[in-house]
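Next comes work14.txt, a file with compact mmCIF, C-alpha atoms and all ligand atoms.
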```txt
# COMPACT_ATOMS: atom_id res chain seq x y z
CA MET A 1 0.00 0.00 0.00
CA LYS A 2 1.54 3.30 -1.11
CA TRP A 3 0.49 6.73 0.10
CA SER A 4 1.22 9.95 -1.77
CA PHE A 5 2.55 12.74 0.42
CA THR A 6 3.85 16.28 0.15
CA LYS A 7 6.82 17.47 2.17
CA MET A 8 6.42 21.11 3.25
CA HIS A 9 7.73 23.60 5.76
CA GLY A 10 6.65 26.84 7.35
CA ALA A 11 9.72 28.83 8.43
CA GLY A 12 11.67 25.57 8.78
CA ASN A 13 9.05 23.76 10.90
CA ASP A 14 8.57 20.77 8.61
CA PHE A 15 5.57 18.64 7.73
CA VAL A 16 4.48 15.55 5.87
CA VAL A 17 1.06 16.42 4.46
CA LEU A 18 -1.32 13.62 3.52
CA ASP A 19 -4.50 13.88 1.47
CA GLY A 20 -7.07 11.81 3.34
CA LEU A 21 -9.78 12.73 0.82
CA SER A 22 -8.39 10.66 -2.04
CA GLN A 23 -6.62 8.03 0.10
CA ALA A 24 -8.00 5.83 2.89
CA ILE A 25 -5.71 6.76 5.79
CA GLU A 26 -6.15 5.38 9.27
CA MET A 27 -3.54 7.28 11.30
CA THR A 28 -2.18 5.70 14.46
CA PRO A 29 0.54 6.92 16.84
CA GLU A 30 2.84 4.12 15.58
CA LEU A 31 2.31 5.16 11.96
CA ALA A 32 2.84 8.83 12.75
CA ARG A 33 6.12 8.04 14.53
CA ALA A 34 7.31 5.92 11.58
CA ILE A 35 6.50 8.60 8.97
CA ALA A 36 8.14 11.33 11.08
CA HIS A 37 11.27 9.30 11.84
CA ARG A 38 14.33 11.28 10.65
CA GLN A 39 16.39 8.20 9.73
CA PHE A 40 13.91 5.42 8.90
CA GLY A 41 10.92 7.48 7.73
CA ILE A 42 10.27 10.57 5.62
CA GLY A 43 11.16 12.83 8.53
CA CYS A 44 9.18 15.77 9.90
CA ASP A 45 8.22 17.66 13.05
CA GLN A 46 4.48 17.14 12.44
CA ILE A 47 2.12 15.27 10.12
CA LEU A 48 -0.98 16.96 8.70
CA LEU A 49 -3.86 14.77 7.59
CA VAL A 50 -6.30 16.68 5.36
CA ASP A 51 -9.85 15.33 5.41
CA ALA A 52 -13.52 16.16 4.89
CA PRO A 53 -15.04 18.38 7.60
CA THR A 54 -17.67 17.27 10.08
CA ASP A 55 -18.76 20.91 10.58
CA PRO A 56 -20.97 22.20 7.70
CA ASN A 57 -19.38 25.67 8.04
CA ALA A 58 -15.90 24.35 7.25
CA ASP A 59 -14.32 23.65 3.83
CA PHE A 60 -11.90 21.03 5.18
CA ARG A 61 -10.74 19.42 8.36
CA TYR A 62 -7.14 18.61 9.15
CA ARG A 63 -5.63 16.64 11.99
CA ILE A 64 -2.16 17.27 13.40
CA PHE A 65 0.24 14.66 14.79
CA ASN A 66 3.54 15.37 16.53
CA SER A 67 6.60 13.30 15.62
CA ASP A 68 6.14 11.33 18.88
CA GLY A 69 2.73 10.17 17.60
CA SER A 70 0.54 12.37 19.82
CA GLU A 71 -2.42 14.14 18.20
CA VAL A 72 -2.63 17.86 19.00
CA GLU A 73 -5.08 20.74 18.95
CA HIS A 74 -3.39 23.37 16.80
CA CYS A 75 -0.32 24.14 14.71
CA GLY A 76 0.36 27.62 13.34
CA ASN A 77 3.03 26.80 10.75
CA GLY A 78 1.03 23.74 9.74
CA ALA A 79 -2.05 25.90 9.18
CA ARG A 80 -0.21 27.94 6.54
CA CYS A 81 1.11 24.79 4.85
CA PHE A 82 -2.39 23.30 4.86
CA VAL A 83 -3.78 26.21 2.77
CA ARG A 84 -0.88 26.09 0.32
CA PHE A 85 -1.41 22.31 -0.03
CA VAL A 86 -5.15 22.68 -0.70
CA HIS A 87 -4.57 25.37 -3.34
CA GLU A 88 -1.57 23.73 -5.04
CA ARG A 89 -3.33 20.37 -5.30
CA LYS A 90 -6.48 22.17 -6.52
CA LEU A 91 -8.62 20.64 -3.81
CA SER A 92 -10.30 24.05 -3.59
CA SER A 93 -9.76 27.51 -5.06
CA ARG A 94 -11.53 29.23 -2.18
CA ASN A 95 -9.63 32.00 -0.45
CA PRO A 96 -10.07 32.45 2.47
CA ILE A 97 -10.60 28.88 3.53
CA ARG A 98 -12.39 27.77 6.69
CA ALA A 99 -10.80 24.77 8.33
CA GLU A 100 -11.94 22.58 11.17
CA ILE A 101 -9.24 21.67 13.68
CA ALA A 102 -9.63 19.69 16.91
CA THR A 103 -10.85 22.72 18.88
CA GLY A 104 -13.02 24.60 16.36
CA LEU A 105 -12.88 26.60 13.13
CA ILE A 106 -10.05 28.81 11.87
CA THR A 107 -9.90 31.07 8.80
CA LEU A 108 -6.86 31.08 6.51
CA THR A 109 -6.01 33.42 3.63
CA GLU A 110 -3.30 33.26 0.95
CA LEU A 111 -2.06 36.80 0.35
CA PRO A 112 -0.99 38.21 -3.06
CA ASP A 113 2.68 38.25 -1.94
CA GLY A 114 2.64 34.48 -1.32
CA GLN A 115 2.47 34.72 2.46
CA VAL A 116 -0.39 33.13 4.37
CA ARG A 117 -2.43 34.84 7.07
CA VAL A 118 -4.23 32.81 9.71
CA ASP A 119 -6.86 33.92 12.18
CA MET A 120 -5.57 31.75 15.00
CA GLY A 121 -8.64 31.72 17.23
CA GLN A 122 -8.88 32.37 20.93
CA THR A 123 -6.15 32.95 23.50
CA ARG A 124 -6.57 31.86 27.12
CA PHE A 125 -4.35 32.40 30.13
CA ALA A 126 -5.74 30.58 33.18
CA PRO A 127 -3.79 27.61 34.60
CA ALA A 128 -6.85 25.39 34.01
CA ASP A 129 -6.75 26.26 30.27
CA LEU A 130 -3.39 24.44 30.10
CA SER A 131 -4.27 21.72 32.63
CA PHE A 132 -1.59 23.27 34.86
CA ASP A 133 -1.53 22.65 38.60
CA ALA A 134 -0.43 25.98 40.10
CA SER A 135 -1.26 25.08 43.71
CA GLY A 136 1.39 26.16 46.19
CA LEU A 137 3.68 27.74 43.56
CA ALA A 138 5.09 31.25 43.96
CA SER A 139 3.55 33.68 41.47
CA ARG A 140 4.03 37.29 40.42
CA VAL A 141 1.96 39.74 38.37
CA VAL A 142 3.66 41.67 35.55
CA GLY A 143 1.19 44.06 33.89
CA GLN A 144 -1.80 41.87 33.11
CA ASP A 145 0.24 38.68 33.09
CA THR A 146 0.55 36.22 35.96
CA GLN A 147 3.76 34.19 36.02
CA TYR A 148 4.45 31.07 38.04
CA ALA A 149 7.79 29.89 39.43
CA LEU A 150 8.22 26.31 38.27
CA PRO A 151 10.88 24.39 40.24
CA LEU A 152 13.10 22.28 37.97
CA ASP A 153 15.43 19.46 38.99
CA ASN A 154 18.20 20.60 36.64
CA GLN A 155 18.08 24.37 37.14
CA ASN A 156 18.17 26.72 40.07
CA PRO A 157 16.45 29.23 40.44
CA PRO A 158 13.02 28.12 39.15
CA ALA A 159 11.74 29.15 35.71
CA TRP A 160 9.24 32.03 35.74
CA LEU A 161 6.59 31.02 33.23
CA SER A 162 3.73 32.87 31.54
CA LEU A 163 0.89 30.53 30.61
CA VAL A 164 -0.87 30.85 27.25
CA ALA A 165 -3.25 28.48 25.48
CA ILE A 166 -3.67 28.96 21.71
CA SER A 167 -5.84 25.85 21.89
CA ASN A 168 -2.53 24.09 22.58
CA PRO A 169 -0.55 24.84 25.76
CA HIS A 170 2.50 27.13 25.95
CA ALA A 171 4.76 28.17 28.84
CA VAL A 172 6.85 31.19 27.88
CA GLN A 173 9.87 32.65 29.67
CA ILE A 174 12.00 35.70 28.92
CA VAL A 175 15.72 35.22 28.35
CA ASP A 176 18.54 37.75 27.93
CA ASP A 177 20.18 36.06 24.94
CA ILE A 178 18.38 33.56 22.71
CA ASN A 179 21.66 31.96 21.60
CA THR A 180 22.72 30.98 25.12
CA ALA A 181 19.21 30.18 26.45
CA PRO A 182 19.19 26.69 28.06
CA VAL A 183 16.60 25.35 25.60
CA ALA A 184 18.02 21.81 25.35
CA LEU A 185 18.66 21.61 29.10
CA ILE A 186 15.37 22.80 30.60
CA GLY A 187 13.04 22.57 27.57
CA PRO A 188 12.44 18.83 28.11
CA ALA A 189 12.07 19.30 31.88
CA ILE A 190 9.35 21.94 31.38
CA GLU A 191 7.66 20.03 28.53
CA SER A 192 7.15 16.94 30.69
CA HIS A 193 6.83 18.58 34.10
CA PRO A 194 4.21 16.68 36.16
CA ARG A 195 2.34 19.93 36.87
CA PHE A 196 1.38 20.11 33.18
CA ALA A 197 -1.07 17.21 32.91
CA LYS A 198 -1.07 17.38 29.09
CA ARG A 199 2.60 18.41 28.80
CA VAL A 200 3.46 21.83 27.36
CA ASN A 201 5.40 23.67 24.63
CA ALA A 202 8.28 25.59 26.27
CA GLY A 203 9.04 29.00 24.73
CA PHE A 204 12.18 31.13 25.25
CA MET A 205 11.75 34.76 24.17
CA GLN A 206 14.33 37.53 23.85
CA VAL A 207 12.72 40.97 23.55
CA LEU A 208 14.63 43.22 21.12
CA ASP A 209 12.18 46.15 21.20
CA ALA A 210 8.41 46.65 21.40
CA HIS A 211 7.88 45.27 17.87
CA ASN A 212 10.62 42.63 17.57
CA ILE A 213 11.48 39.46 19.45
CA ARG A 214 13.62 36.37 18.95
CA LEU A 215 12.10 33.05 19.89
CA ARG A 216 13.05 29.41 20.34
CA VAL A 217 10.52 26.74 21.28
CA TYR A 218 11.07 23.27 22.69
CA GLU A 219 7.88 21.72 21.33
CA ARG A 220 5.76 19.18 23.10
CA GLY A 221 6.12 15.89 21.29
CA ALA A 222 8.69 17.12 18.76
CA GLY A 223 11.67 18.69 20.56
CA GLU A 224 13.16 22.02 19.51
CA THR A 225 11.93 23.03 16.07
CA LEU A 226 13.19 25.81 13.80
CA ALA A 227 9.93 27.73 14.32
CA CYS A 228 6.62 27.31 16.15
CA GLY A 229 3.62 29.35 14.96
CA THR A 230 1.44 28.89 18.01
CA GLY A 231 4.57 29.45 20.13
CA ALA A 232 5.11 32.79 18.37
CA CYS A 233 1.48 33.76 19.10
CA ALA A 234 1.84 32.74 22.74
CA ALA A 235 5.09 34.68 23.21
CA VAL A 236 3.62 37.84 21.63
CA ALA A 237 0.38 37.64 23.65
CA SER A 238 2.34 37.23 26.90
CA GLY A 239 4.75 40.05 25.95
CA ILE A 240 1.85 42.41 25.20
CA ARG A 241 0.14 41.51 28.47
CA GLN A 242 3.40 42.25 30.31
CA GLY A 243 3.57 45.69 28.66
CA LEU A 244 6.82 44.81 26.85
CA LEU A 245 5.45 44.48 23.30
CA LYS A 246 3.06 46.29 20.99
CA SER A 247 1.20 44.78 18.04
CA PRO A 248 2.30 44.05 15.33
CA VAL A 249 5.35 42.05 16.43
CA LYS A 250 7.96 40.46 14.16
CA VAL A 251 9.07 37.13 15.59
CA GLN A 252 12.50 35.99 14.44
CA THR A 253 12.98 32.26 14.67
CA ARG A 254 15.90 30.12 13.50
CA GLY A 255 13.87 29.19 10.40
CA GLY A 256 12.35 32.54 9.41
CA THR A 257 10.23 35.46 10.51
CA LEU A 258 6.54 35.47 11.44
CA THR A 259 4.36 38.52 12.03
CA ILE A 260 1.88 38.37 14.87
CA GLU A 261 -0.92 40.85 15.47
CA TRP A 262 -3.07 40.76 18.60
CA ASP A 263 -5.60 43.36 19.74
CA GLY A 264 -6.54 41.49 22.90
CA THR A 265 -9.21 39.52 21.04
CA THR A 266 -8.24 38.71 17.46
CA LEU A 267 -4.94 36.93 16.94
CA GLN A 268 -3.47 36.93 13.43
CA MET A 269 -0.32 35.16 12.24
CA THR A 270 1.32 35.86 8.86
CA GLY A 271 4.23 33.92 7.42
CA PRO A 272 5.60 31.69 4.67
CA ALA A 273 4.54 28.22 3.52
CA THR A 274 6.81 26.22 1.22
CA THR A 275 6.43 22.98 -0.71
CA VAL A 276 9.69 21.01 -0.84
CA PHE A 277 8.84 17.82 -2.76
CA GLU A 278 6.18 15.20 -3.39
CA GLY A 279 6.57 11.45 -3.08
CA GLN A 280 5.07 8.09 -2.33
CA VAL A 281 5.71 5.89 0.67
CA ASN A 282 5.09 2.18 1.13
CA ILE A 283 3.51 2.11 4.58
CA ALA A 284 3.89 -1.61 5.32
CA GLN A 285 7.60 -1.51 4.41
CA LEU A 286 8.10 1.63 6.45
CA ILE A 287 6.57 0.13 9.60
CA GLU A 288 8.66 -3.05 9.22
CA SER A 289 11.90 -1.10 8.86
CA ILE A 290 11.61 0.69 12.21
CA PRO A 291 13.91 -0.87 14.83
CA THR A 292 12.11 -2.10 17.94
CA PHE A 293 14.73 -1.23 20.52
N1 LIG A 301 4.82 23.55 15.34
C1 LIG A 301 3.52 23.90 15.67
C2 LIG A 301 2.93 23.36 16.94
C3 LIG A 301 2.73 21.84 16.85
C4 LIG A 301 2.04 21.24 18.05
C5 LIG A 301 2.82 21.33 19.32
N2 LIG A 301 4.06 20.62 19.28
C6 LIG A 301 1.95 20.80 20.47
O1 LIG A 301 2.13 19.65 20.90
O2 LIG A 301 1.09 21.54 20.94
C7 LIG A 301 3.17 25.35 15.40
O3 LIG A 301 3.70 25.89 14.42
O4 LIG A 301 2.32 25.92 16.07
```
Here is a file; write its structure as structure tokens.
Amino acid sequence: MKWSFTKMHGAGNDFVVLDGLSQAIEMTPELARAIAHRQFGIGCDQILLVDAPTDPNADFRYRIFNSDGSEVEHCGNGARCFVRFVHERKLSSRNPIRAEIATGLITLTELPDGQVRVDMGQTRFAPADLSFDASGLASRVVGQDTQYALPLDNQNPPAWLSLVAISNPHAVQIVDDINTAPVALIGPAIESHPRFAKRVNAGFMQVLDAHNIRLRVYERGAGETLACGTGACAAVASGIRQGLLKSPVKVQTRGGTLTIEWDGTTLQMTGPATTVFEGQVNIAQLIESIPTF
């Protein structure tokens, strides 16, 4: 059984995109891990599975799987690649497109300059919105933002985290220098900290000025990626709430630049979406080739 796929990236955050409309695809965590595997599979940070919507107000539905096989609520860079995929494969010529994701509907528009703009949906900030247990933790208020001191086994002092849900959970901290930020050291410890019942994406933000930041994200279920769209939205929303940033904000990542606009209600992300190549993969062979230890 062979599946056709398209390899894409949004600012270096890379995807295997599958058309579930013309192919019968039953995704499982095992399959997602095999496809995403950097050595034995096609290799990607996330898989996007494009399908028919269940909501009559949507044009399409797409599901998102991290490289560790977990299915997730939202993916900003994936959203832009999804629209490019739908238009390039002529699945629809509509623009904007309404897409159903796990947590509701989002609207996506291809712009004349080739960039894609996504209305990212709602932002939430309460610990419960991220399934975060804040009981007994020290906290501080900066502007409108509440930050929590998360104790970590491998770092002293604790990390001061702003909590933001863009459907998916983000914990953002400010660092002095993005290049020396301990992303690889404490990113995994934050991602899997027992206080985050559903794990979390760990963002590290360096503020350059009110309209420019640098950002690295250790992603839940994927490790550090070259860019994270929802992470960029979360960092900007927390920076604006702290009084450090003003919309619009350019977010420099290691894979490219995203522009985030947030007026306290509407959250817009604009950035690139690139097709790299198309191919076919033999799924049975792929699964068999993955080592079991
Ligand atoms: N890279 C994505 C986010 C993908 C999901 C994330 N790892 C999670 O588990 O929530 C983006 O561009 O937003």
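Take the candidates A:Val141, A:Met205, A:Cys228, A:Ala197 and check each one against ligand LIG 301 (chain A) using all atoms listed in the file; the shortest distance goes to A:Cys228.
Take atom CA of Val86 of chain A and atom CA of Ile283 of chain A: the distance between them is 22.9 Å.
Each of A:Gly256, A:Gly10, A:Gly239, A:Gly143 was checked against ligand LIG 301 (chain A) using only C-alpha atoms and all ligand atoms; the smallest atom-to-atom distance is that of A:Gly10.
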Enumerate residues in contact with ligand LIG 301 (chain A): an atom-to-atom distance of at most 10 Å, counting all atoms listed in the file. Format the result as a JSON list (two decimals) with C-alpha atoms, keeping the file's coordinate frame.
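File written: pocket_4.json
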```json
[["chain", "number", "residue", "atom", "x", "y", "z"],
["A", 9, "HIS", "CA", 7.73, 23.60, 5.76],
["A", 10, "GLY", "CA", 6.65, 26.84, 7.35],
["A", 11, "ALA", "CA", 9.72, 28.83, 8.43],
["A", 12, "GLY", "CA", 11.67, 25.57, 8.78],
["A", 13, "ASN", "CA", 9.05, 23.76, 10.90],
["A", 14, "ASP", "CA", 8.57, 20.77, 8.61],
["A", 15, "PHE", "CA", 5.57, 18.64, 7.73],
["A", 45, "ASP", "CA", 8.22, 17.66, 13.05],
["A", 46, "GLN", "CA", 4.48, 17.14, 12.44],
["A", 47, "ILE", "CA", 2.12, 15.27, 10.12],
["A", 64, "ILE", "CA", -2.16, 17.27, 13.40],
["A", 65, "PHE", "CA", 0.24, 14.66, 14.79],
["A", 66, "ASN", "CA", 3.54, 15.37, 16.53],
["A", 67, "SER", "CA", 6.60, 13.30, 15.62],
["A", 68, "ASP", "CA", 6.14, 11.33, 18.88],
["A", 70, "SER", "CA", 0.54, 12.37, 19.82],
["A", 71, "GLU", "CA", -2.42, 14.14, 18.20],
["A", 72, "VAL", "CA", -2.63, 17.86, 19.00],
["A", 73, "GLU", "CA", -5.08, 20.74, 18.95],
["A", 74, "HIS", "CA", -3.39, 23.37, 16.80],
["A", 75, "CYS", "CA", -0.32, 24.14, 14.71],
["A", 76, "GLY", "CA", 0.36, 27.62, 13.34],
["A", 77, "ASN", "CA", 3.03, 26.80, 10.75],
["A", 78, "GLY", "CA", 1.03, 23.74, 9.74],
["A", 79, "ALA", "CA", -2.05, 25.90, 9.18],
["A", 80, "ARG", "CA", -0.21, 27.94, 6.54],
["A", 81, "CYS", "CA", 1.11, 24.79, 4.85],
["A", 120, "MET", "CA", -5.57, 31.75, 15.00],
["A", 165, "ALA", "CA", -3.25, 28.48, 25.48],
["A", 166, "ILE", "CA", -3.67, 28.96, 21.71],
["A", 167, "SER", "CA", -5.84, 25.85, 21.89],
["A", 168, "ASN", "CA", -2.53, 24.09, 22.58],
["A", 169, "PRO", "CA", -0.55, 24.84, 25.76],
["A", 170, "HIS", "CA", 2.50, 27.13, 25.95],
["A", 191, "GLU", "CA", 7.66, 20.03, 28.53],
["A", 198, "LYS", "CA", -1.07, 17.38, 29.09],
["A", 199, "ARG", "CA", 2.60, 18.41, 28.80],
["A", 200, "VAL", "CA", 3.46, 21.83, 27.36],
["A", 201, "ASN", "CA", 5.40, 23.67, 24.63],
["A", 202, "ALA", "CA", 8.28, 25.59, 26.27],
["A", 217, "VAL", "CA", 10.52, 26.74, 21.28],
["A", 218, "TYR", "CA", 11.07, 23.27, 22.69],
["A", 219, "GLU", "CA", 7.88, 21.72, 21.33],
["A", 220, "ARG", "CA", 5.76, 19.18, 23.10],
["A", 221, "GLY", "CA", 6.12, 15.89, 21.29],
["A", 222, "ALA", "CA", 8.69, 17.12, 18.76],
["A", 223, "GLY", "CA", 11.67, 18.69, 20.56],
["A", 224, "GLU", "CA", 13.16, 22.02, 19.51],
["A", 225, "THR", "CA", 11.93, 23.03, 16.07],
["A", 226, "LEU", "CA", 13.19, 25.81, 13.80],
["A", 227, "ALA", "CA", 9.93, 27.73, 14.32],
["A", 228, "CYS", "CA", 6.62, 27.31, 16.15],
["A", 229, "GLY", "CA", 3.62, 29.35, 14.96],
["A", 230, "THR", "CA", 1.44, 28.89, 18.01],
["A", 231, "GLY", "CA", 4.57, 29.45, 20.13],
["A", 232, "ALA", "CA", 5.11, 32.79, 18.37],
["A", 233, "CYS", "CA", 1.48, 33.76, 19.10],
["A", 234, "ALA", "CA", 1.84, 32.74, 22.74]]
```
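In this structure, atom CA of Ile190 of chain A sits 26.0 Å away from atom CA of Thr259 of chain A.
Reported to one decimal place, the separation of atom CA of Pro248 of chain A from atom CA of Trp262 of chain A is 7.1 Å.
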Mind checking which residues fall within 12 Å of Ala34 of chain A, counting only C-alpha atoms, ignoring those fewer than 3 positions away in the same chain, and posting them as number ranges by chain?
-> A: 16, 27-31, 37-47, 65-69, 281-292
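Restricting the calculation to all atoms listed in the file, the smallest distance between Phe277 of chain A and any of A:Glu88, A:Phe5, A:Ala189, A:Arg117 is found for A:Phe5.
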When distances are computed from all atoms listed in the file, which of A:Pro127, A:Pro151, A:Gly203, A:Gly187 shows the smallest separation from Leu163 of chain A?
-> A:Pro127
Hey, what's within 9 Å of Ser139 of chain A if we count all atoms listed in the file and toss same-chain stuff fewer than 2 positions away? As a CSV table (one decimal) with C-alpha atoms, in the coordinates of the input, please?
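Saved file result.csv follows:
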```
chain,number,residue,atom,x,y,z
A,134,ALA,CA,-0.4,26.0,40.1
A,137,LEU,CA,3.7,27.7,43.6
A,141,VAL,CA,2.0,39.7,38.4
A,146,THR,CA,0.6,36.2,36.0
A,147,GLN,CA,3.8,34.2,36.0
A,148,TYR,CA,4.4,31.1,38.0
A,149,ALA,CA,7.8,29.9,39.4
A,160,TRP,CA,9.2,32.0,35.7
```
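Distances to Arg94 of chain A were evaluated for A:Phe60, A:Phe196, A:Phe293, A:Phe125 using all atoms listed in the file, and the minimum falls at A:Phe60.
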Neighbouring residues of Leu111 of chain A were defined as those with any atom within 12 Å, considering only C-alpha atoms; residues of the same chain fewer than 4 positions away were excluded. Please report them as a tab-separated table (two decimals) with C-alpha atoms, in the coordinates of the input.
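Printed below is part_34.tsv as written:
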```tsv
chain	number	residue	atom	x	y	z
A	80	ARG	CA	-0.21	27.94	6.54
A	83	VAL	CA	-3.78	26.21	2.77
A	84	ARG	CA	-0.88	26.09	0.32
A	95	ASN	CA	-9.63	32.00	-0.45
A	96	PRO	CA	-10.07	32.45	2.47
A	115	GLN	CA	2.47	34.72	2.46
A	116	VAL	CA	-0.39	33.13	4.37
A	117	ARG	CA	-2.43	34.84	7.07
A	118	VAL	CA	-4.23	32.81	9.71
A	270	THR	CA	1.32	35.86	8.86
A	271	GLY	CA	4.23	33.92	7.42
A	272	PRO	CA	5.60	31.69	4.67
A	273	ALA	CA	4.54	28.22	3.52
```
For Asp59 of chain A, please output as number ranges by chain all residues within 7 Å (counting all atoms listed in the file; exclusion window: fewer than 5 positions along the same chain).
-> A: 53, 97-99
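Using all atoms listed in the file, the shortest contact distance between Arg89 of chain A and any of A:Asp19, A:Asp129, A:Asp145, A:Asp263 is found at A:Asp19.
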Complete the atoms of segment 28-42 of chain A to N, CA and C atoms and put them out as a PDB file, in the frame of the given file.
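Here's the written file selection36.pdb:
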```pdb
ATOM      1  N   THR A  28      -2.382   6.187  13.097  1.00  0.00           N
ATOM      2  CA  THR A  28      -2.180   5.700  14.460  1.00  0.00           C
ATOM      3  C   THR A  28      -0.901   6.344  14.991  1.00  0.00           C
ATOM      4  N   PRO A  29      -0.704   6.359  16.305  1.00  0.00           N
ATOM      5  CA  PRO A  29       0.540   6.920  16.840  1.00  0.00           C
ATOM      6  C   PRO A  29       1.773   6.205  16.267  1.00  0.00           C
ATOM      7  N   GLU A  30       1.701   4.895  16.108  1.00  0.00           N
ATOM      8  CA  GLU A  30       2.840   4.120  15.580  1.00  0.00           C
ATOM      9  C   GLU A  30       3.187   4.563  14.152  1.00  0.00           C
ATOM     10  N   LEU A  31       2.136   4.735  13.347  1.00  0.00           N
ATOM     11  CA  LEU A  31       2.310   5.160  11.960  1.00  0.00           C
ATOM     12  C   LEU A  31       2.898   6.578  11.892  1.00  0.00           C
ATOM     13  N   ALA A  32       2.365   7.443  12.735  1.00  0.00           N
ATOM     14  CA  ALA A  32       2.840   8.830  12.750  1.00  0.00           C
ATOM     15  C   ALA A  32       4.329   8.860  13.118  1.00  0.00           C
ATOM     16  N   ARG A  33       4.711   8.064  14.117  1.00  0.00           N
ATOM     17  CA  ARG A  33       6.120   8.040  14.530  1.00  0.00           C
ATOM     18  C   ARG A  33       7.007   7.515  13.393  1.00  0.00           C
ATOM     19  N   ALA A  34       6.518   6.502  12.675  1.00  0.00           N
ATOM     20  CA  ALA A  34       7.310   5.920  11.580  1.00  0.00           C
ATOM     21  C   ALA A  34       7.484   6.933  10.446  1.00  0.00           C
ATOM     22  N   ILE A  35       6.424   7.603  10.053  1.00  0.00           N
ATOM     23  CA  ILE A  35       6.500   8.600   8.970  1.00  0.00           C
ATOM     24  C   ILE A  35       7.457   9.730   9.355  1.00  0.00           C
ATOM     25  N   ALA A  36       7.357  10.162  10.629  1.00  0.00           N
ATOM     26  CA  ALA A  36       8.140  11.330  11.080  1.00  0.00           C
ATOM     27  C   ALA A  36       9.603  10.989  11.353  1.00  0.00           C
ATOM     28  N   HIS A  37       9.917   9.714  11.445  1.00  0.00           N
ATOM     29  CA  HIS A  37      11.270   9.300  11.840  1.00  0.00           C
ATOM     30  C   HIS A  37      12.323   9.905  10.893  1.00  0.00           C
ATOM     31  N   ARG A  38      13.338  10.565  11.472  1.00  0.00           N
ATOM     32  CA  ARG A  38      14.330  11.280  10.650  1.00  0.00           C
ATOM     33  C   ARG A  38      15.263  10.338   9.895  1.00  0.00           C
ATOM     34  N   GLN A  39      15.477   9.130  10.411  1.00  0.00           N
ATOM     35  CA  GLN A  39      16.390   8.200   9.730  1.00  0.00           C
ATOM     36  C   GLN A  39      15.644   7.129   8.939  1.00  0.00           C
ATOM     37  N   PHE A  40      14.584   6.565   9.529  1.00  0.00           N
ATOM     38  CA  PHE A  40      13.910   5.420   8.900  1.00  0.00           C
ATOM     39  C   PHE A  40      12.648   5.824   8.149  1.00  0.00           C
ATOM     40  N   GLY A  41      12.154   7.043   8.378  1.00  0.00           N
ATOM     41  CA  GLY A  41      10.920   7.480   7.730  1.00  0.00           C
ATOM     42  C   GLY A  41      11.158   8.614   6.750  1.00  0.00           C
ATOM     43  N   ILE A  42      10.106   9.407   6.511  1.00  0.00           N
ATOM     44  CA  ILE A  42      10.270  10.570   5.620  1.00  0.00           C
ATOM     45  C   ILE A  42      10.961  11.687   6.411  1.00  0.00           C
TER      46      ILE A  42
END
```
